[in-house]
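To start, the structure itself, in structure tokens.
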Amino acid sequence: MADQASPSPQDIKGGSSARKTRPKPAATHKGQSRVASPVHPGAARWPKLRSYAAIDLGTNNCRLLVAKPSSDGFIVTDAFSRVVRLGEGLVETGKISSRAMDRAVAALAICADKLRRRNVTLARSVATEACRRASNGDKFIERVRRETGIALDVITAEEEARLAVLGCHILLEPGEGPALIFDIGGGSTELVLVDTSGSAPEILDWQSAPWGVVSLTESEKFDGDDPDARRAAFQAMRARVTDSFASFAARLPRLDQCDYRLLGTSGTVTTLASLHLKLPHYDRKVIDGLIVPTESMREISAMLAHASPEERADIPCIGRERADLVVGGCAILESILDIWPASRVGVADRGIREGILRSLMSANERGSIR
């Protein structure tokens, strides 16, 4: 089994400090000088081309990436993704259900097998909002360790935001002034304002809202076959999200001399981008790094919000697994577009896992992981 690097989350406003051995990704907080060295591995630095892995267990999905360092970053050698709905029923019960645990453990067992078969030498496995919120999160983490050997690190919302920025910021459009990066998850949404004028993105401000596609959908029960009920539920979702964004929105700068740059990493934005291109099936190669006009995103969002569950399930790139959750994602996306009026939306099919891999490789190059 691979070694597990489990760095402690960092707190902006005090709290316990991180261990000295933690990876230090390039994204930094304002007023701090902590910047990771760029990764430019060569034959001398990477004589054995070690394999690294990142597991991201979210509220809705379990994802794995295995990669080896290369001259311009890393090369993915294996990947895995499965919808596990770990947060199903969490809004009502406050607990992770037995069925959700079973689904997640089964997916993580596959990940553990891949780590062994790929001879991964260093890995980090993280869990996010569902495990942060669940009263039985510790019990689940222990079960995962016992049955799969994977040591899940339940990271803070701040760490989640920072890893997402590190993993996808390279796709931001060039420009002046701050940019907004967002990650719509299953149980929460992270908003991060970044300064890209330096050699590494600097986090100026951030917020984690308690609404993701699963938590928002489960908080608004409605009759999906009733058009009026669908419209009312969507507006109620929008109101919930807008209220949760209010304090962050009030702190955002108003840009007069430069464009609003916006980049999203989530299943919501990649799905809407696929519909924008009218793809018959999802294709990461054409979606990752795509720039979509905001007007198109809003039009597709409105169409999905008013469609019936069956109509959404029949749309290519959505299917039955996403049909009930995509509306919540649209409500969150539209609220983001309201507070950061960009004319275009950058789309990233990368995020936390890539951020973890860059952190591990960069830190290992400096010899800071032992």
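A note on labels: chains of the structure tokens are A, B, ... as shown, every chain counts residues from 1, and ligands are counted from 1 in their shown order.
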
So which bits of stretch 75-106 of chain A end up strand (DSSP E or B) when you DSSP the backbone, as a ChimeraX atom specification?
/A:75-83

Provide the atom CA of A:His169 to atom CA of A:Gly264 distance in Å, to one decimal place.
9.7 Å

Would you mind listing what lies within 12 Å of A:Glu299 as number ranges by chain, with only C-alpha atoms counted and same-chain residues fewer than 2 positions away left out?
A: 272-273, 275-276, 292-297, 301-306, 330, 333-334

Contact residues around A:Ala307 with only C-alpha atoms at 12 Å, ignoring same-chain residues under 5 positions, as a PyMOL selection string
chain A and resi 224-231+234+300-302+312-315+323-324+326-327

Residues as selected, C-alpha atoms, written as a PDB file, in the first residue's frame, can you do that?
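Heads up, here's the output in result05.pdb:
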```pdb
ATOM      1  CA  GLY A 224     -40.732  17.103 -10.415  1.00  0.00           C
ATOM      2  CA  ASP A 225     -43.689  16.406 -12.688  1.00  0.00           C
ATOM      3  CA  ASP A 226     -45.362  19.739 -11.863  1.00  0.00           C
ATOM      4  CA  PRO A 227     -43.959  22.644 -13.963  1.00  0.00           C
ATOM      5  CA  ASP A 228     -45.084  25.256 -11.421  1.00  0.00           C
ATOM      6  CA  ALA A 229     -43.479  23.304  -8.583  1.00  0.00           C
ATOM      7  CA  ARG A 230     -40.228  23.063 -10.553  1.00  0.00           C
ATOM      8  CA  ARG A 231     -40.147  26.824 -11.138  1.00  0.00           C
ATOM      9  CA  PHE A 234     -35.606  26.615  -8.520  1.00  0.00           C
ATOM     10  CA  ILE A 300     -28.893  26.215 -20.729  1.00  0.00           C
ATOM     11  CA  SER A 301     -29.435  26.593 -16.983  1.00  0.00           C
ATOM     12  CA  ALA A 302     -32.951  27.964 -17.519  1.00  0.00           C
ATOM     13  CA  ARG A 312     -33.201  15.942 -18.316  1.00  0.00           C
ATOM     14  CA  ALA A 313     -32.336  12.236 -18.106  1.00  0.00           C
ATOM     15  CA  ASP A 314     -32.692  11.927 -21.882  1.00  0.00           C
ATOM     16  CA  ILE A 315     -30.219  14.728 -22.590  1.00  0.00           C
ATOM     17  CA  ALA A 323     -30.761  14.357 -13.804  1.00  0.00           C
ATOM     18  CA  ASP A 324     -31.976  15.157 -10.291  1.00  0.00           C
ATOM     19  CA  VAL A 326     -28.061  19.268 -12.177  1.00  0.00           C
ATOM     20  CA  VAL A 327     -30.838  21.743 -11.314  1.00  0.00           C
TER      21      VAL A 327
END
```

Using only C-alpha atoms: which of A:Ile291, A:Ala157, A:Ile352, A:Leu90 has the shortest distance to A:Gly137:
A:Leu90

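Relative to atom CA of A:Val194, atom CA of A:Asn61 is found at 26.3 Å.
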
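The smallest atom-to-atom distance between A:Ser359 and any of A:Asp113, A:Glu129, A:Asp283, A:Glu159, using only C-alpha atoms, is found for A:Glu159.
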
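The space separating atom CA of A:Ile332 from atom CA of A:Thr265 comes to 12.7 Å.
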
Nearest candidate to A:Ser215 (options A:Leu262, A:Val241, A:Leu360, A:Ile287; using only C-alpha atoms):
A:Val241

Return as an NGL selection string the full set of residues in stretch 198-328 of chain A whose backbone-based DSSP assignment is alpha helix (DSSP H).
:A and (213-219 or 227-251 or 267-276 or 284-287 or 294-306 or 309-313 or 319-323 or 326-328)

Find the residues around A:Gly355 up to 7 Å (only C-alpha atoms counted), leave out those fewer than 6 positions away in its own chain, and share them as a list in words.
Leu163, Ala164, Leu166 and Gly167 of chain A

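Within the 10 Å cut-off around A:Pro253, using only C-alpha atoms and omitting residues fewer than 4 positions from it on the same chain, the listed residues are Gly177, Pro178, Leu193, Ala249 and Trp340 of chain A.
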
Need to verify the contact set: A:Thr128, 10 Å, only C-alpha atoms, exclusion of same-chain residues closer than 4 positions in sequence. Can you return it as a PDB file with all heavy atoms, in the first residue's frame?
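out_19.pdb, freshly written:
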```pdb
ATOM      1  N   ASP A  56      -9.983  11.826  -4.049  1.00  0.00           N
ATOM      2  CA  ASP A  56     -10.907  12.865  -3.568  1.00  0.00           C
ATOM      3  C   ASP A  56     -12.269  12.220  -3.357  1.00  0.00           C
ATOM      4  O   ASP A  56     -12.969  11.889  -4.314  1.00  0.00           O
ATOM      5  CB  ASP A  56     -10.991  13.996  -4.599  1.00  0.00           C
ATOM      6  CG  ASP A  56     -12.078  15.012  -4.280  1.00  0.00           C
ATOM      7  OD1 ASP A  56     -12.515  15.077  -3.109  1.00  0.00           O
ATOM      8  OD2 ASP A  56     -12.498  15.744  -5.205  1.00  0.00           O
ATOM      9  N   LEU A  57     -12.628  12.019  -2.082  1.00  0.00           N
ATOM     10  CA  LEU A  57     -13.941  11.474  -1.763  1.00  0.00           C
ATOM     11  C   LEU A  57     -14.862  12.628  -1.401  1.00  0.00           C
ATOM     12  O   LEU A  57     -14.772  13.202  -0.312  1.00  0.00           O
ATOM     13  CB  LEU A  57     -13.850  10.477  -0.601  1.00  0.00           C
ATOM     14  CG  LEU A  57     -15.186   9.870  -0.161  1.00  0.00           C
ATOM     15  CD1 LEU A  57     -15.806   9.039  -1.278  1.00  0.00           C
ATOM     16  CD2 LEU A  57     -15.024   9.027   1.096  1.00  0.00           C
ATOM     17  N   GLY A  58     -15.730  12.968  -2.335  1.00  0.00           N
ATOM     18  CA  GLY A  58     -16.646  14.075  -2.115  1.00  0.00           C
ATOM     19  C   GLY A  58     -18.013  13.610  -1.653  1.00  0.00           C
ATOM     20  O   GLY A  58     -18.242  12.419  -1.395  1.00  0.00           O
ATOM     21  N   THR A  59     -18.931  14.534  -1.568  1.00  0.00           N
ATOM     22  CA  THR A  59     -20.286  14.224  -1.131  1.00  0.00           C
ATOM     23  C   THR A  59     -21.040  13.397  -2.162  1.00  0.00           C
ATOM     24  O   THR A  59     -21.943  12.632  -1.818  1.00  0.00           O
ATOM     25  CB  THR A  59     -21.049  15.527  -0.837  1.00  0.00           C
ATOM     26  OG1 THR A  59     -20.325  16.269   0.154  1.00  0.00           O
ATOM     27  CG2 THR A  59     -22.454  15.267  -0.338  1.00  0.00           C
ATOM     28  N   ARG A 132     -17.074  16.105   6.909  1.00  0.00           N
ATOM     29  CA  ARG A 132     -16.980  17.223   7.855  1.00  0.00           C
ATOM     30  C   ARG A 132     -18.278  17.387   8.628  1.00  0.00           C
ATOM     31  O   ARG A 132     -18.283  17.718   9.812  1.00  0.00           O
ATOM     32  CB  ARG A 132     -16.662  18.535   7.114  1.00  0.00           C
ATOM     33  CG  ARG A 132     -15.258  18.659   6.580  1.00  0.00           C
ATOM     34  CD  ARG A 132     -14.925  20.097   6.211  1.00  0.00           C
ATOM     35  NE  ARG A 132     -15.695  20.619   5.107  1.00  0.00           N
ATOM     36  CZ  ARG A 132     -15.272  20.688   3.847  1.00  0.00           C
ATOM     37  NH1 ARG A 132     -14.082  20.212   3.536  1.00  0.00           N
ATOM     38  NH2 ARG A 132     -16.029  21.205   2.907  1.00  0.00           N
ATOM     39  N   ARG A 133     -19.389  17.156   7.958  1.00  0.00           N
ATOM     40  CA  ARG A 133     -20.696  17.468   8.535  1.00  0.00           C
ATOM     41  C   ARG A 133     -21.310  16.305   9.301  1.00  0.00           C
ATOM     42  O   ARG A 133     -22.048  16.519  10.274  1.00  0.00           O
ATOM     43  CB  ARG A 133     -21.648  17.897   7.403  1.00  0.00           C
ATOM     44  CG  ARG A 133     -22.992  18.381   7.875  1.00  0.00           C
ATOM     45  CD  ARG A 133     -23.889  18.781   6.717  1.00  0.00           C
ATOM     46  NE  ARG A 133     -23.334  19.858   5.913  1.00  0.00           N
ATOM     47  CZ  ARG A 133     -23.982  20.426   4.908  1.00  0.00           C
ATOM     48  NH1 ARG A 133     -25.194  20.007   4.576  1.00  0.00           N
ATOM     49  NH2 ARG A 133     -23.412  21.404   4.218  1.00  0.00           N
ATOM     50  N   LEU A 152      -8.105   8.256   5.092  1.00  0.00           N
ATOM     51  CA  LEU A 152      -8.722   9.477   4.590  1.00  0.00           C
ATOM     52  C   LEU A 152      -8.399  10.655   5.508  1.00  0.00           C
ATOM     53  O   LEU A 152      -8.527  10.558   6.730  1.00  0.00           O
ATOM     54  CB  LEU A 152     -10.238   9.322   4.487  1.00  0.00           C
ATOM     55  CG  LEU A 152     -10.775   8.468   3.343  1.00  0.00           C
ATOM     56  CD1 LEU A 152     -12.275   8.249   3.516  1.00  0.00           C
ATOM     57  CD2 LEU A 152     -10.487   9.111   1.989  1.00  0.00           C
ATOM     58  N   ASP A 153      -8.017  11.761   4.915  1.00  0.00           N
ATOM     59  CA  ASP A 153      -7.749  13.012   5.634  1.00  0.00           C
ATOM     60  C   ASP A 153      -8.951  13.928   5.417  1.00  0.00           C
ATOM     61  O   ASP A 153      -9.202  14.367   4.295  1.00  0.00           O
ATOM     62  CB  ASP A 153      -6.472  13.643   5.074  1.00  0.00           C
ATOM     63  CG  ASP A 153      -6.094  14.942   5.755  1.00  0.00           C
ATOM     64  OD1 ASP A 153      -6.662  15.233   6.830  1.00  0.00           O
ATOM     65  OD2 ASP A 153      -5.233  15.658   5.220  1.00  0.00           O
ATOM     66  N   VAL A 154      -9.734  14.176   6.457  1.00  0.00           N
ATOM     67  CA  VAL A 154     -10.900  15.061   6.337  1.00  0.00           C
ATOM     68  C   VAL A 154     -10.377  16.493   6.375  1.00  0.00           C
ATOM     69  O   VAL A 154      -9.990  16.997   7.423  1.00  0.00           O
ATOM     70  CB  VAL A 154     -11.918  14.821   7.467  1.00  0.00           C
ATOM     71  CG1 VAL A 154     -13.139  15.713   7.263  1.00  0.00           C
ATOM     72  CG2 VAL A 154     -12.341  13.356   7.500  1.00  0.00           C
ATOM     73  N   ILE A 155     -10.361  17.132   5.222  1.00  0.00           N
ATOM     74  CA  ILE A 155      -9.765  18.461   5.123  1.00  0.00           C
ATOM     75  C   ILE A 155     -10.795  19.546   5.403  1.00  0.00           C
ATOM     76  O   ILE A 155     -12.002  19.338   5.271  1.00  0.00           O
ATOM     77  CB  ILE A 155      -9.128  18.693   3.737  1.00  0.00           C
ATOM     78  CG1 ILE A 155     -10.157  18.524   2.612  1.00  0.00           C
ATOM     79  CG2 ILE A 155      -7.952  17.741   3.534  1.00  0.00           C
ATOM     80  CD1 ILE A 155      -9.607  18.863   1.230  1.00  0.00           C
ATOM     81  N   THR A 156     -10.307  20.713   5.793  1.00  0.00           N
ATOM     82  CA  THR A 156     -11.180  21.852   6.026  1.00  0.00           C
ATOM     83  C   THR A 156     -11.675  22.411   4.698  1.00  0.00           C
ATOM     84  O   THR A 156     -11.118  22.137   3.626  1.00  0.00           O
ATOM     85  CB  THR A 156     -10.437  22.961   6.781  1.00  0.00           C
ATOM     86  OG1 THR A 156      -9.384  23.453   5.947  1.00  0.00           O
ATOM     87  CG2 THR A 156      -9.888  22.473   8.103  1.00  0.00           C
ATOM     88  N   ALA A 157     -12.701  23.243   4.759  1.00  0.00           N
ATOM     89  CA  ALA A 157     -13.200  23.899   3.557  1.00  0.00           C
ATOM     90  C   ALA A 157     -12.129  24.795   2.955  1.00  0.00           C
ATOM     91  O   ALA A 157     -12.025  24.930   1.728  1.00  0.00           O
ATOM     92  CB  ALA A 157     -14.452  24.712   3.890  1.00  0.00           C
ATOM     93  N   GLU A 159      -8.829  24.315   3.058  1.00  0.00           N
ATOM     94  CA  GLU A 159      -7.877  23.466   2.355  1.00  0.00           C
ATOM     95  C   GLU A 159      -8.466  22.980   1.036  1.00  0.00           C
ATOM     96  O   GLU A 159      -7.772  22.905   0.011  1.00  0.00           O
ATOM     97  CB  GLU A 159      -7.497  22.282   3.242  1.00  0.00           C
ATOM     98  CG  GLU A 159      -6.539  21.290   2.603  1.00  0.00           C
ATOM     99  CD  GLU A 159      -5.087  21.728   2.642  1.00  0.00           C
ATOM    100  OE1 GLU A 159      -4.804  22.883   3.012  1.00  0.00           O
ATOM    101  OE2 GLU A 159      -4.227  20.906   2.299  1.00  0.00           O
ATOM    102  N   GLU A 160      -9.748  22.660   1.048  1.00  0.00           N
ATOM    103  CA  GLU A 160     -10.433  22.228  -0.167  1.00  0.00           C
ATOM    104  C   GLU A 160     -10.375  23.315  -1.232  1.00  0.00           C
ATOM    105  O   GLU A 160     -10.082  23.048  -2.405  1.00  0.00           O
ATOM    106  CB  GLU A 160     -11.884  21.874   0.162  1.00  0.00           C
ATOM    107  CG  GLU A 160     -12.675  21.334  -1.003  1.00  0.00           C
ATOM    108  CD  GLU A 160     -14.096  20.946  -0.620  1.00  0.00           C
ATOM    109  OE1 GLU A 160     -14.450  21.031   0.570  1.00  0.00           O
ATOM    110  OE2 GLU A 160     -14.847  20.551  -1.525  1.00  0.00           O
ATOM    111  N   GLY A 185     -19.435  21.630  -5.383  1.00  0.00           N
ATOM    112  CA  GLY A 185     -19.330  20.236  -4.981  1.00  0.00           C
ATOM    113  C   GLY A 185     -20.684  19.616  -4.709  1.00  0.00           C
ATOM    114  O   GLY A 185     -21.731  20.172  -5.060  1.00  0.00           O
ATOM    115  N   GLY A 186     -20.661  18.465  -4.046  1.00  0.00           N
ATOM    116  CA  GLY A 186     -21.910  17.812  -3.696  1.00  0.00           C
ATOM    117  C   GLY A 186     -22.524  18.382  -2.437  1.00  0.00           C
ATOM    118  O   GLY A 186     -23.750  18.497  -2.322  1.00  0.00           O
ATOM    119  N   GLY A 187     -21.663  18.771  -1.466  1.00  0.00           N
ATOM    120  CA  GLY A 187     -22.181  19.263  -0.194  1.00  0.00           C
ATOM    121  C   GLY A 187     -21.873  20.708   0.094  1.00  0.00           C
ATOM    122  O   GLY A 187     -22.433  21.287   1.030  1.00  0.00           O
ATOM    123  N   SER A 188     -20.981  21.326  -0.681  1.00  0.00           N
ATOM    124  CA  SER A 188     -20.626  22.726  -0.449  1.00  0.00           C
ATOM    125  C   SER A 188     -20.116  23.343  -1.741  1.00  0.00           C
ATOM    126  O   SER A 188     -19.815  22.633  -2.711  1.00  0.00           O
ATOM    127  CB  SER A 188     -19.546  22.839   0.645  1.00  0.00           C
ATOM    128  OG  SER A 188     -18.330  22.246   0.212  1.00  0.00           O
TER     129      SER A 188
END
```
